[in-house]
Amino acid sequence: MPIESKSKVKRKNHSRFGFAGIMLASWILFTLLMLNSSAASSSDSSENNSNVFAISDIETLNASITAQVGTPEYARQRMIANWKEPFLRKAAAERFKELAGKSAAEGGFKAVDAADPGGVPHYFGPYPNYANSPMPKGPITSLTLTSGGSGYSGTLTATITDTYGTGSGATAIATQTGGVVDSITLIDPGTGYTAPVVTIAGTTGSGATATASIGETPGSLVGGIKKFVDPLPDIPVAVADQTTYSAGGAGYTSTPTVSITDGTGTGASATATVVGGKVTKVDVINDGSGYSSRPVITFLGGGTTTNLAIGTATVVDGVIIAIDLVGCDYYEIEPGEYTAQMMNSGQPATKLLGYRQVNMNDPPQNANVFSYLGPLIVANRDRPVRIKFINSLSTGSNGDLFLPVDTTVMGSGEGPNMAMAESATLVAGGPTIMITTMDPHNFQAGQKVKLRGFAPEAYNGDFVVLASGLTTTTLSVTLKSNPGVDATTVGHVHEMYTENRASLHLHGGNVAWISDGTPHQWTTPAGENTHYPKGVSTQNVPDMPDPGDGSMTFFYSNQQSARLMFYHDHSYGITRLNVYAGEAAGYLVTDQVEKDMIEGTNVVGINVNPPKSVLPDIGIPLIIQDRTFVDADTINAQDPTWNWGTTPGTANTGDLWYPHVYMPNQNPKDISGMNAFGRWHYGPWFWPPTQDIAFPPIPNVYHDPWDYEEMPATPNPSMAMEAFMDTPVVNGKAYPYLEVDPKAYRFRILNAADDRFVNLQLYVADPTVITDDGRINTEVKMVPAVATAGFPEQWPADGREGGVPDPATRGPSFIQIGTEGGFLPAPVVLPNVPVGWNFDQTNFDFGNVNQGTLILGTAERADVLVDFSNYAGKTLILYNDAPAPFPAIDPRYDYYTGNPDQTDTGGTPTTQAGYGPNTRTIMQIRVRDVAPAAPYDLATLNAVFAKGPYPSKKGVFEVSQDEVIVPQAEYASAYNRGDLPIDPYIRIFEGKKTFTTLSGDISDAGPGAEGHPG
Ligand SMILES: [Cu+2]
């Protein structure tokens, strides 16, 4: 259908066909329009279906889109409509609540609130199937009448319940005048409320609403994660073994051949001298010409194949003037399970996976114990690191992850070892079954297998091969439920990959492929009973000894400038879970440029006249992540099918929680098509609907007049697409504090969250907010986000819910000097500014984030200085207001003090001051009240970073980074060049671009340029 007819069709029809037509025409409106697609194509004509196609919220929104597709006005209208999603969800929640309050016979939802570990999820409520970390509980401290309703008569009852069932005992009375409720009075405050709900009823009457609060009485709250009561943890630093791989290698029985290879150079040659099995000296015989800065030097032959010598050449003007021998730093690292105090002290510890160093343990050091984000490896530029990685995780079922593994995700389920079944029969009435295979198989007892293609359905799933009844053509497994009959259809049996696979990937490292730790390079622990002990492209380092089963070796060249990287697990299909569980650690490369700036030396020519120390040190790592911790008191009401953690089947407070139910954003049963509790879009109900899929929606076991007749065929556990958690952790601690002196500090910040972005800012904490237990300085002072005289120009005035930080409390600016790519061309000062969105209606990226302070996407890093010299005796909050998802926002993932109660859409109740969940207040910084240092000298830092003005004064970027390919004005100080173009960008309509490199070469780029296919 042509686009132009859209508005006509829309006005004409409210019929099923017409609505489908609208959707066809305006497919670009997918975010909204997918909502009703399933209902539109469904043949169901029973129960209320006319509701789905009546004038609804969604049609009202669609009707507001009048502009031609492709125009800026269309983009604006579309964005506004898309932004209504939370309102649609809210409206769906209202309808849900109304019906949920009725009995099933009245068309309401049958409420269930018992634990159902491993059960079938309710996809449309009343459970969000999304959990929150422990929240404080307490008696009701106040009631507020929010609407008086009408038509009330008789004795009114005011009942106070709890969304999560934690509170009890509170009573209240309500009165009415003329049928309108005009007062509600608390009689008994009760105890233990987390998310109180007030219901007012009379003989007749409706519409009266009231809210109940907790936490307003001093000392009334118990439990919950307290903010800023524990210090920022140190991250242990690994200790390098510098003797096992010392310079010159080992085992040479004669002189090896020195070969010099390079992309451009020719003519150089060198000879080696061997003493005691080691290369001790390299003499350059012919210095050659045309060499790059990094020719490859190898020492082959001479009677050894392990621990080969490694050389680096010094090249001046293309000529090799010397070859030096370098040694390697050697580490042995293993992953393992341990527990750590991630929540505040007093709360339970958390079971984790982490790394520890197992060599250099005499004397024992911190790096020898498992630690969160440790051990940090500090490497030097051009000095390689060798690692032996020993997977010593448990084998068998003890090696299973304690997080939900979706075994339908590629790489985490079945592998190539399979057998076709001939029959599958019940053993002694079931649920154990005996499978006879068509050909001999080689499954072994204890191995996990996936059965698929069987009928009845109960035969399919993931099971463990039993020792009993196991022959070359038979095997037994115990099903999860008894199918009652022998299989009527037989399918396939597949051996599955184990969950204790591990690997190392150096994120940001310039690493040869054999040591990259790609998703296909992993190992199970030695002794694992599996036909898949290693990833298909697992390779060890050729000149390191074979590490044996269950171990891998890695070689990192470190031919990169100073920067923060990190190493983490990368096993196929379970990377997100292993990293979430803690398999990640820092990796810092330092170099002489950085040393000159720290130590005030001038080895590389950047620090002259006279040399000064401009960086305090290598910096304090701040590794920021988001996590959610299980609360056994509330999880049954939030996520009743949770079946993982320390004691699967019994929820354990403090365990890491991870989403596992694919809650679809769509509920075809609701008038707007929106699922009040949805989190992710679902293809078959999306617009345009995903067609011809292998696993279409299946009958909903909870189907009733309110619950849709179908539910997603997504598995439980199901991998969530993006997953946003409610508790920020820094260096493995929820809401830590850090004490500093009033002077400049350097921070090495890494966003290691799985999905959440941050926009980091610093504000002086509000001393006037006192928590129920008497703490202050836990909050940032907020003001309405409206145009206000005296506010900075960039201060948001969009009326956002919850307001914006008071600009009068702005803390010190970040001075950013580096990223994941190393040092910047010049330091950049970042004044604290809240996040903002582009509201320019004529711009195609309307709705995108267009301002912030220190915005870090996942895995991004920032090297910053913060000068606390003006803040002696003050307390600062490291604040984040980045939307999640980014740049659009789902308010349920934005947790802040005083946030609106969102329990009706599966979110949290109001966050209490001083407690989580709170993704805004990440960390507290306490500046000691001592004599401040002199203000940080930014002018000197800028001068050190810049090239010139003396011809011999080199720039930081010039020395540490490869030359830029397309110059631009931002590099002027880095190269001391005033002639670089201000705008070198290629416009979307340009097929080709001609530019001049720093050295004056004229180059073409882009399709249509020479050498490009166009
Ligand atoms: Cu990575």
# chains A, B, ... in the order shown; residues from 1 in each chain; ligands from 1

call {"tool": "closest_atom_pairs", "arguments": {"of": "chain A", "to": "ligand 1", "cutoff": "10 Å", "atoms": "only C-alpha atoms and all ligand atoms", "output": "JSON lines"}}
result
{"residue": "A:Leu504", "atom": "CA", "partner": "ligand 1", "partner_atom_place_in_ligand_line": "1 (Cu)", "distance": 9.8}
{"residue": "A:His505", "atom": "CA", "partner": "ligand 1", "partner_atom_place_in_ligand_line": "1 (Cu)", "distance": 6.9}
{"residue": "A:Leu506", "atom": "CA", "partner": "ligand 1", "partner_atom_place_in_ligand_line": "1 (Cu)", "distance": 7.1}
{"residue": "A:His507", "atom": "CA", "partner": "ligand 1", "partner_atom_place_in_ligand_line": "1 (Cu)", "distance": 4.4}
{"residue": "A:Gly508", "atom": "CA", "partner": "ligand 1", "partner_atom_place_in_ligand_line": "1 (Cu)", "distance": 7.4}
{"residue": "A:Gly509", "atom": "CA", "partner": "ligand 1", "partner_atom_place_in_ligand_line": "1 (Cu)", "distance": 9.7}
{"residue": "A:Met565", "atom": "CA", "partner": "ligand 1", "partner_atom_place_in_ligand_line": "1 (Cu)", "distance": 9.1}
{"residue": "A:Phe566", "atom": "CA", "partner": "ligand 1", "partner_atom_place_in_ligand_line": "1 (Cu)", "distance": 7.4}
{"residue": "A:Tyr567", "atom": "CA", "partner": "ligand 1", "partner_atom_place_in_ligand_line": "1 (Cu)", "distance": 7.2}
{"residue": "A:His568", "atom": "CA", "partner": "ligand 1", "partner_atom_place_in_ligand_line": "1 (Cu)", "distance": 6.5}
{"residue": "A:Asp569", "atom": "CA", "partner": "ligand 1", "partner_atom_place_in_ligand_line": "1 (Cu)", "distance": 8.2}
{"residue": "A:His570", "atom": "CA", "partner": "ligand 1", "partner_atom_place_in_ligand_line": "1 (Cu)", "distance": 7.7}
{"residue": "A:Thr575", "atom": "CA", "partner": "ligand 1", "partner_atom_place_in_ligand_line": "1 (Cu)", "distance": 9.2}
{"residue": "A:Arg576", "atom": "CA", "partner": "ligand 1", "partner_atom_place_in_ligand_line": "1 (Cu)", "distance": 9.8}
{"residue": "A:Val579", "atom": "CA", "partner": "ligand 1", "partner_atom_place_in_ligand_line": "1 (Cu)", "distance": 9.2}
{"residue": "A:Ala584", "atom": "CA", "partner": "ligand 1", "partner_atom_place_in_ligand_line": "1 (Cu)", "distance": 9.0}
{"residue": "A:Ala752", "atom": "CA", "partner": "ligand 1", "partner_atom_place_in_ligand_line": "1 (Cu)", "distance": 8.7}
{"residue": "A:Asp754", "atom": "CA", "partner": "ligand 1", "partner_atom_place_in_ligand_line": "1 (Cu)", "distance": 9.7}
{"residue": "A:Thr858", "atom": "CA", "partner": "ligand 1", "partner_atom_place_in_ligand_line": "1 (Cu)", "distance": 9.1}
{"residue": "A:Ala859", "atom": "CA", "partner": "ligand 1", "partner_atom_place_in_ligand_line": "1 (Cu)", "distance": 6.5}
{"residue": "A:Glu860", "atom": "CA", "partner": "ligand 1", "partner_atom_place_in_ligand_line": "1 (Cu)", "distance": 9.8}

call {"tool": "residues_around", "arguments": {"residues": "Gly811 of chain A", "least_positions_apart": "6", "cutoff": "10 Å", "atoms": "only C-alpha atoms", "output": "PyMOL selection string"}}
result
chain A and resi 761-765+831-832+866-868+870-871+874-878

call {"tool": "write_last_selection", "arguments": {"atoms": "N, CA and C atoms", "output": "compact mmCIF listing (two decimals), in the first residue's frame"}}
result
# COMPACT_ATOMS: atom_id res chain seq x y z
N GLN A 761 29.38 12.53 36.36
CA GLN A 761 29.48 13.92 36.81
C GLN A 761 29.85 13.91 38.29
N LEU A 762 30.30 15.06 38.78
CA LEU A 762 30.62 15.20 40.21
C LEU A 762 29.82 16.36 40.79
N TYR A 763 29.12 16.09 41.89
CA TYR A 763 28.38 17.14 42.60
C TYR A 763 28.70 17.07 44.09
N VAL A 764 28.67 18.23 44.74
CA VAL A 764 28.80 18.25 46.20
C VAL A 764 27.52 17.67 46.78
N ALA A 765 27.67 16.71 47.68
CA ALA A 765 26.51 16.03 48.25
C ALA A 765 25.66 16.99 49.06
N PRO A 831 33.27 20.21 31.98
CA PRO A 831 32.46 20.73 33.09
C PRO A 831 31.25 19.83 33.31
N ASN A 832 30.79 19.72 34.54
CA ASN A 832 29.69 18.80 34.85
C ASN A 832 28.37 19.31 34.26
N VAL A 866 41.24 14.77 38.35
CA VAL A 866 40.25 15.56 39.07
C VAL A 866 40.99 16.31 40.17
N ASP A 867 40.82 17.63 40.18
CA ASP A 867 41.51 18.46 41.16
C ASP A 867 40.56 18.76 42.33
N PHE A 868 40.83 18.15 43.47
CA PHE A 868 39.97 18.34 44.64
C PHE A 868 40.46 19.49 45.53
N ASN A 870 39.98 22.56 45.71
CA ASN A 870 38.97 23.54 46.16
C ASN A 870 37.89 22.92 47.03
N TYR A 871 38.02 21.64 47.37
CA TYR A 871 36.91 20.93 48.02
C TYR A 871 37.30 20.33 49.37
N LYS A 874 34.82 18.71 51.92
CA LYS A 874 33.52 18.51 51.26
C LYS A 874 33.36 17.04 50.86
N THR A 875 32.10 16.66 50.68
CA THR A 875 31.80 15.31 50.19
C THR A 875 31.16 15.43 48.82
N LEU A 876 31.67 14.65 47.90
CA LEU A 876 31.18 14.68 46.52
C LEU A 876 30.51 13.35 46.19
N ILE A 877 29.61 13.41 45.21
CA ILE A 877 28.97 12.19 44.71
C ILE A 877 29.34 12.03 43.24
N LEU A 878 29.81 10.83 42.89
CA LEU A 878 30.00 10.50 41.48
C LEU A 878 28.63 10.10 40.94

call {"tool": "atom_distance", "arguments": {"atom1": "atom CA of Ile260 of chain A", "atom2": "atom CA of Ile297 of chain A"}}
result
4.8 Å

call {"tool": "residues_around", "arguments": {"residues": "Thr489 of chain A", "least_positions_apart": "5", "cutoff": "8 Å", "atoms": "only C-alpha atoms", "output": "list of chain:residue names"}}
result
A:Gly453, A:Phe454, A:Ala455, A:Pro456

call {"tool": "write_last_selection", "arguments": {"atoms": "C-alpha atoms", "output": "compact mmCIF listing (two decimals), in the first residue's frame"}}
result
# COMPACT_ATOMS: atom_id res chain seq x y z
CA GLY A 453 12.29 -33.44 18.06
CA PHE A 454 10.54 -35.86 20.44
CA ALA A 455 6.83 -36.05 21.23
CA PRO A 456 5.25 -35.65 23.69

call {"tool": "closest_residue", "arguments": {"among": "A:Ala581, A:Ala632, A:Val701, A:Ile333", "to": "Ser551 of chain A", "atoms": "only C-alpha atoms"}}
result
A:Ile333

call {"tool": "select_by_dssp", "arguments": {"residues": "segment 607-778 of chain A", "states": "strand (DSSP E)", "output": "PyMOL selection string"}}
result
chain A and resi 620-629+656-657+698-699+710-711+727-730+733-734+736-740+744-751+758-764

call {"tool": "write_last_selection", "arguments": {"atoms": "N, CA and C atoms", "output": "CSV table (one decimal), in the first residue's frame"}}
result
chain,number,residue,atom,x,y,z
A,620,ILE,N,44.1,5.8,40.0
A,620,ILE,CA,43.3,4.8,40.8
A,620,ILE,C,42.2,4.2,39.8
A,621,PRO,N,42.2,2.9,39.7
A,621,PRO,CA,41.2,2.3,38.8
A,621,PRO,C,39.8,2.4,39.4
A,622,LEU,N,38.9,2.9,38.5
A,622,LEU,CA,37.5,2.9,38.9
A,622,LEU,C,36.7,2.1,37.8
A,623,ILE,N,36.5,0.8,38.2
A,623,ILE,CA,35.8,-0.1,37.2
A,623,ILE,C,34.4,-0.2,37.6
A,624,ILE,N,33.5,0.4,36.7
A,624,ILE,CA,32.1,0.6,37.0
A,624,ILE,C,31.3,-0.5,36.3
A,625,GLN,N,30.4,-1.2,37.0
A,625,GLN,CA,29.5,-2.2,36.5
A,625,GLN,C,28.1,-2.0,37.1
A,626,ASP,N,27.1,-2.6,36.6
A,626,ASP,CA,25.8,-2.7,37.3
A,626,ASP,C,25.5,-4.2,37.5
A,627,ARG,N,25.0,-4.5,38.7
A,627,ARG,CA,24.6,-5.8,39.1
A,627,ARG,C,23.3,-5.8,39.9
A,628,THR,N,22.6,-6.9,39.9
A,628,THR,CA,21.4,-7.0,40.7
A,628,THR,C,21.6,-8.2,41.6
A,629,PHE,N,21.3,-8.1,42.9
A,629,PHE,CA,21.5,-9.2,43.8
A,629,PHE,C,20.2,-9.7,44.3
A,656,LEU,N,24.1,-13.3,42.7
A,656,LEU,CA,23.9,-12.5,41.5
A,656,LEU,C,22.6,-12.9,40.8
A,657,TRP,N,21.8,-11.9,40.4
A,657,TRP,CA,20.6,-12.2,39.6
A,657,TRP,C,20.8,-11.8,38.2
A,698,ILE,N,3.3,-20.5,21.3
A,698,ILE,CA,2.7,-21.7,21.7
A,698,ILE,C,1.6,-21.4,22.7
A,699,PRO,N,0.7,-22.4,22.9
A,699,PRO,CA,-0.5,-22.2,23.8
A,699,PRO,C,0.0,-21.7,25.2
A,710,GLU,N,-1.9,-17.3,23.7
A,710,GLU,CA,-0.6,-17.8,23.3
A,710,GLU,C,0.5,-17.2,24.2
A,711,MET,N,1.6,-17.8,24.2
A,711,MET,CA,2.8,-17.2,24.9
A,711,MET,C,4.0,-17.4,24.0
A,727,THR,N,22.0,-1.9,40.6
A,727,THR,CA,23.0,-1.5,41.6
A,727,THR,C,24.4,-1.3,41.0
A,728,PRO,N,24.9,0.0,41.0
A,728,PRO,CA,26.2,0.2,40.5
A,728,PRO,C,27.3,-0.4,41.5
A,729,VAL,N,28.3,-1.0,40.9
A,729,VAL,CA,29.4,-1.5,41.7
A,729,VAL,C,30.7,-0.9,41.1
A,730,VAL,N,31.6,-0.5,42.0
A,730,VAL,CA,32.8,0.1,41.6
A,730,VAL,C,33.9,-0.8,42.2
A,733,LYS,N,32.4,-3.3,44.5
A,733,LYS,CA,31.7,-2.9,45.7
A,733,LYS,C,30.5,-2.0,45.4
A,734,ALA,N,29.4,-2.4,45.9
A,734,ALA,CA,28.2,-1.5,45.7
A,734,ALA,C,28.3,-0.2,46.5
A,736,PRO,N,30.6,2.3,46.9
A,736,PRO,CA,31.7,2.6,47.9
A,736,PRO,C,31.9,4.0,48.1
A,737,TYR,N,32.7,4.3,49.1
A,737,TYR,CA,33.2,5.7,49.3
A,737,TYR,C,34.8,5.7,49.1
A,738,LEU,N,35.3,6.8,48.8
A,738,LEU,CA,36.8,7.0,48.6
A,738,LEU,C,37.2,8.2,49.4
A,739,GLU,N,38.2,8.1,50.2
A,739,GLU,CA,38.7,9.3,50.9
A,739,GLU,C,39.9,9.8,50.1
A,740,VAL,N,39.9,11.1,49.8
A,740,VAL,CA,41.0,11.7,49.1
A,740,VAL,C,41.5,13.0,49.8
A,744,ALA,N,45.1,17.0,43.3
A,744,ALA,CA,44.7,16.4,42.1
A,744,ALA,C,44.9,14.9,42.1
A,745,TYR,N,44.0,14.2,41.6
A,745,TYR,CA,44.1,12.7,41.5
A,745,TYR,C,43.9,12.3,40.0
A,746,ARG,N,44.4,11.1,39.7
A,746,ARG,CA,44.2,10.6,38.4
A,746,ARG,C,43.4,9.3,38.6
A,747,PHE,N,42.3,9.2,37.8
A,747,PHE,CA,41.4,8.0,37.8
A,747,PHE,C,41.5,7.3,36.4
A,748,ARG,N,41.5,6.0,36.5
A,748,ARG,CA,41.5,5.2,35.2
A,748,ARG,C,40.1,4.5,35.2
A,749,ILE,N,39.2,5.1,34.5
A,749,ILE,CA,37.8,4.6,34.6
A,749,ILE,C,37.5,3.7,33.4
A,750,LEU,N,36.8,2.6,33.7
A,750,LEU,CA,36.4,1.6,32.7
A,750,LEU,C,34.9,1.3,33.0
A,751,ASN,N,34.1,1.4,32.0
A,751,ASN,CA,32.7,1.0,32.1
A,751,ASN,C,32.7,-0.5,31.7
A,758,VAL,N,27.2,5.1,31.1
A,758,VAL,CA,27.2,6.1,32.2
A,758,VAL,C,27.5,7.4,31.6
A,759,ASN,N,27.0,8.5,32.3
A,759,ASN,CA,27.3,9.9,32.0
A,759,ASN,C,27.8,10.4,33.4
A,760,LEU,N,29.1,10.3,33.6
A,760,LEU,CA,29.6,10.6,34.9
A,760,LEU,C,29.8,12.1,35.2
A,761,GLN,N,29.4,12.5,36.4
A,761,GLN,CA,29.5,13.9,36.8
A,761,GLN,C,29.8,13.9,38.3
A,762,LEU,N,30.3,15.1,38.8
A,762,LEU,CA,30.6,15.2,40.2
A,762,LEU,C,29.8,16.4,40.8
A,763,TYR,N,29.1,16.1,41.9
A,763,TYR,CA,28.4,17.1,42.6
A,763,TYR,C,28.7,17.1,44.1
A,764,VAL,N,28.7,18.2,44.7
A,764,VAL,CA,28.8,18.2,46.2
A,764,VAL,C,27.5,17.7,46.8

call {"tool": "closest_residue", "arguments": {"among": "A:Gly898, A:Met721, A:Thr141, A:Gln816", "to": "Pro218 of chain A", "atoms": "only C-alpha atoms"}}
result
A:Thr141

call {"tool": "select_by_dssp", "arguments": {"residues": "segment 504-723 of chain A", "states": "alpha helix (DSSP H)", "output": "ChimeraX atom specification"}}
result
/A:575-580,592-599,635-638

call {"tool": "write_last_selection", "arguments": {"atoms": "N, CA and C atoms", "output": "mmCIF file, in the first residue's frame"}}
result
data_model
loop_
_atom_site.group_PDB
_atom_site.id
_atom_site.type_symbol
_atom_site.label_atom_id
_atom_site.label_comp_id
_atom_site.auth_asym_id
_atom_site.auth_seq_id
_atom_site.Cartn_x
_atom_site.Cartn_y
_atom_site.Cartn_z
ATOM 1 N N THR A 575 29.860 -15.819 27.268
ATOM 2 C CA THR A 575 30.739 -14.703 27.651
ATOM 3 C C THR A 575 30.031 -13.731 28.579
ATOM 4 N N ARG A 576 28.798 -13.339 28.206
ATOM 5 C CA ARG A 576 28.086 -12.329 29.009
ATOM 6 C C ARG A 576 27.934 -12.796 30.446
ATOM 7 N N LEU A 577 27.719 -14.104 30.626
ATOM 8 C CA LEU A 577 27.472 -14.639 31.967
ATOM 9 C C LEU A 577 28.781 -14.746 32.753
ATOM 10 N N ASN A 578 29.831 -15.234 32.096
ATOM 11 C CA ASN A 578 31.110 -15.361 32.785
ATOM 12 C C ASN A 578 31.637 -13.993 33.213
ATOM 13 N N VAL A 579 31.469 -12.988 32.345
ATOM 14 C CA VAL A 579 31.932 -11.645 32.709
ATOM 15 C C VAL A 579 31.054 -11.090 33.825
ATOM 16 N N TYR A 580 29.746 -11.317 33.709
ATOM 17 C CA TYR A 580 28.834 -10.847 34.764
ATOM 18 C C TYR A 580 29.190 -11.487 36.107
ATOM 19 N N GLN A 592 57.215 5.080 28.305
ATOM 20 C CA GLN A 592 58.149 6.120 28.746
ATOM 21 C C GLN A 592 57.509 7.502 28.694
ATOM 22 N N VAL A 593 56.581 7.710 27.772
ATOM 23 C CA VAL A 593 55.899 9.011 27.702
ATOM 24 C C VAL A 593 55.190 9.269 29.026
ATOM 25 N N GLU A 594 54.460 8.236 29.461
ATOM 26 C CA GLU A 594 53.718 8.368 30.718
ATOM 27 C C GLU A 594 54.687 8.527 31.896
ATOM 28 N N LYS A 595 55.770 7.744 31.872
ATOM 29 C CA LYS A 595 56.745 7.846 32.975
ATOM 30 C C LYS A 595 57.353 9.235 33.045
ATOM 31 N N ASP A 596 57.650 9.821 31.892
ATOM 32 C CA ASP A 596 58.206 11.183 31.895
ATOM 33 C C ASP A 596 57.222 12.159 32.537
ATOM 34 N N MET A 597 55.927 11.959 32.280
ATOM 35 C CA MET A 597 54.934 12.888 32.839
ATOM 36 C C MET A 597 54.718 12.667 34.338
ATOM 37 N N ILE A 598 54.882 11.410 34.775
ATOM 38 C CA ILE A 598 54.702 11.129 36.203
ATOM 39 C C ILE A 598 55.947 11.543 36.987
ATOM 40 N N GLU A 599 57.110 11.131 36.470
ATOM 41 C CA GLU A 599 58.338 11.309 37.245
ATOM 42 C C GLU A 599 59.030 12.640 36.995
ATOM 43 N N ILE A 635 11.863 -12.120 45.915
ATOM 44 C CA ILE A 635 12.004 -12.699 44.569
ATOM 45 C C ILE A 635 10.779 -13.515 44.151
ATOM 46 N N ASN A 636 10.084 -14.112 45.091
ATOM 47 C CA ASN A 636 8.928 -14.915 44.682
ATOM 48 C C ASN A 636 7.825 -14.066 44.067
ATOM 49 N N ALA A 637 7.753 -12.801 44.482
ATOM 50 C CA ALA A 637 6.754 -11.912 43.895
ATOM 51 C C ALA A 637 7.282 -11.224 42.641
ATOM 52 N N GLN A 638 8.610 -11.220 42.493
ATOM 53 C CA GLN A 638 9.202 -10.533 41.333
ATOM 54 C C GLN A 638 9.564 -11.510 40.230
#

call {"tool": "closest_atom_pairs", "arguments": {"of": "segment 318-350 of chain A", "to": "segment 520-540 of chain A", "cutoff": "12 Å", "atoms": "only C-alpha atoms", "output": "tab-separated table"}}
result
residue	atom	partner	partner_atom	distance
A:Glu334	CA	A:Pro525	CA	10.4
A:Pro335	CA	A:Pro525	CA	10.2
A:Gly336	CA	A:Pro525	CA	10.9

call {"tool": "closest_atom_pairs", "arguments": {"of": "segment 351-439 of chain A", "to": "segment 477-484 of chain A", "cutoff": "8 Å", "atoms": "only C-alpha atoms", "output": "JSON lines"}}
result
{"residue": "A:Leu426", "atom": "CA", "partner": "A:Gly484", "partner_atom": "CA", "distance": 7.7}
{"residue": "A:Gly429", "atom": "CA", "partner": "A:Gly484", "partner_atom": "CA", "distance": 7.1}
{"residue": "A:Gly430", "atom": "CA", "partner": "A:Asn482", "partner_atom": "CA", "distance": 5.7}
{"residue": "A:Pro431", "atom": "CA", "partner": "A:Asn482", "partner_atom": "CA", "distance": 4.3}
{"residue": "A:Thr432", "atom": "CA", "partner": "A:Thr478", "partner_atom": "CA", "distance": 4.0}
{"residue": "A:Ile433", "atom": "CA", "partner": "A:Val477", "partner_atom": "CA", "distance": 5.7}
{"residue": "A:Met434", "atom": "CA", "partner": "A:Val477", "partner_atom": "CA", "distance": 6.9}

call {"tool": "write_last_selection", "arguments": {"atoms": "N, CA and C atoms", "output": "compact mmCIF listing (two decimals), in the first residue's frame"}}
result
# COMPACT_ATOMS: atom_id res chain seq x y z
N LEU A 426 9.42 -45.33 28.64
CA LEU A 426 9.44 -45.07 30.07
C LEU A 426 10.07 -46.24 30.80
N GLY A 429 7.57 -46.78 34.60
CA GLY A 429 6.53 -45.77 34.72
C GLY A 429 6.98 -44.33 34.58
N GLY A 430 8.31 -44.07 34.44
CA GLY A 430 8.81 -42.71 34.24
C GLY A 430 9.03 -41.97 35.55
N PRO A 431 9.61 -40.80 35.56
CA PRO A 431 9.97 -40.00 34.38
C PRO A 431 11.32 -40.35 33.77
N THR A 432 12.01 -41.41 34.29
CA THR A 432 13.24 -41.83 33.62
C THR A 432 12.87 -42.57 32.33
N ILE A 433 13.63 -42.30 31.27
CA ILE A 433 13.34 -42.96 29.99
C ILE A 433 14.59 -43.66 29.49
N MET A 434 14.36 -44.66 28.66
CA MET A 434 15.46 -45.39 28.00
C MET A 434 15.37 -45.07 26.51

call {"tool": "residues_around", "arguments": {"residues": "Tyr291 of chain A", "least_positions_apart": "4", "cutoff": "10 Å", "atoms": "only C-alpha atoms", "output": "list in words"}}
result
Ile260, Thr261, Asp262, Gly263, Thr264, Gly265, Thr266, Gly267, Ala268, Asp287, Pro295, Ala313, Val315, Val316, Asp317, Gly318, Val319 and Ile320 of chain A

call {"tool": "residues_around", "arguments": {"residues": "Ala240 of chain A", "least_positions_apart": "2", "cutoff": "8 Å", "atoms": "only C-alpha atoms", "output": "tab-separated table (two decimals) with C-alpha atoms, in the first residue's frame"}}
result
chain	number	residue	atom	x	y	z
A	238	ALA	CA	49.87	-9.23	39.71
A	242	GLN	CA	60.83	-11.77	34.88
A	329	ASP	CA	56.76	-10.80	31.98
A	330	TYR	CA	55.27	-14.18	32.82
A	331	TYR	CA	52.07	-14.86	34.73
A	360	MET	CA	55.10	-15.79	42.21

call {"tool": "atom_distance", "arguments": {"atom1": "atom CA of Thr474 of chain A", "atom2": "atom CA of Pro440 of chain A"}}
result
8.3 Å

call {"tool": "atom_distance", "arguments": {"atom1": "atom CA of Leu854 of chain A", "atom2": "atom CA of Pro827 of chain A"}}
result
13.4 Å
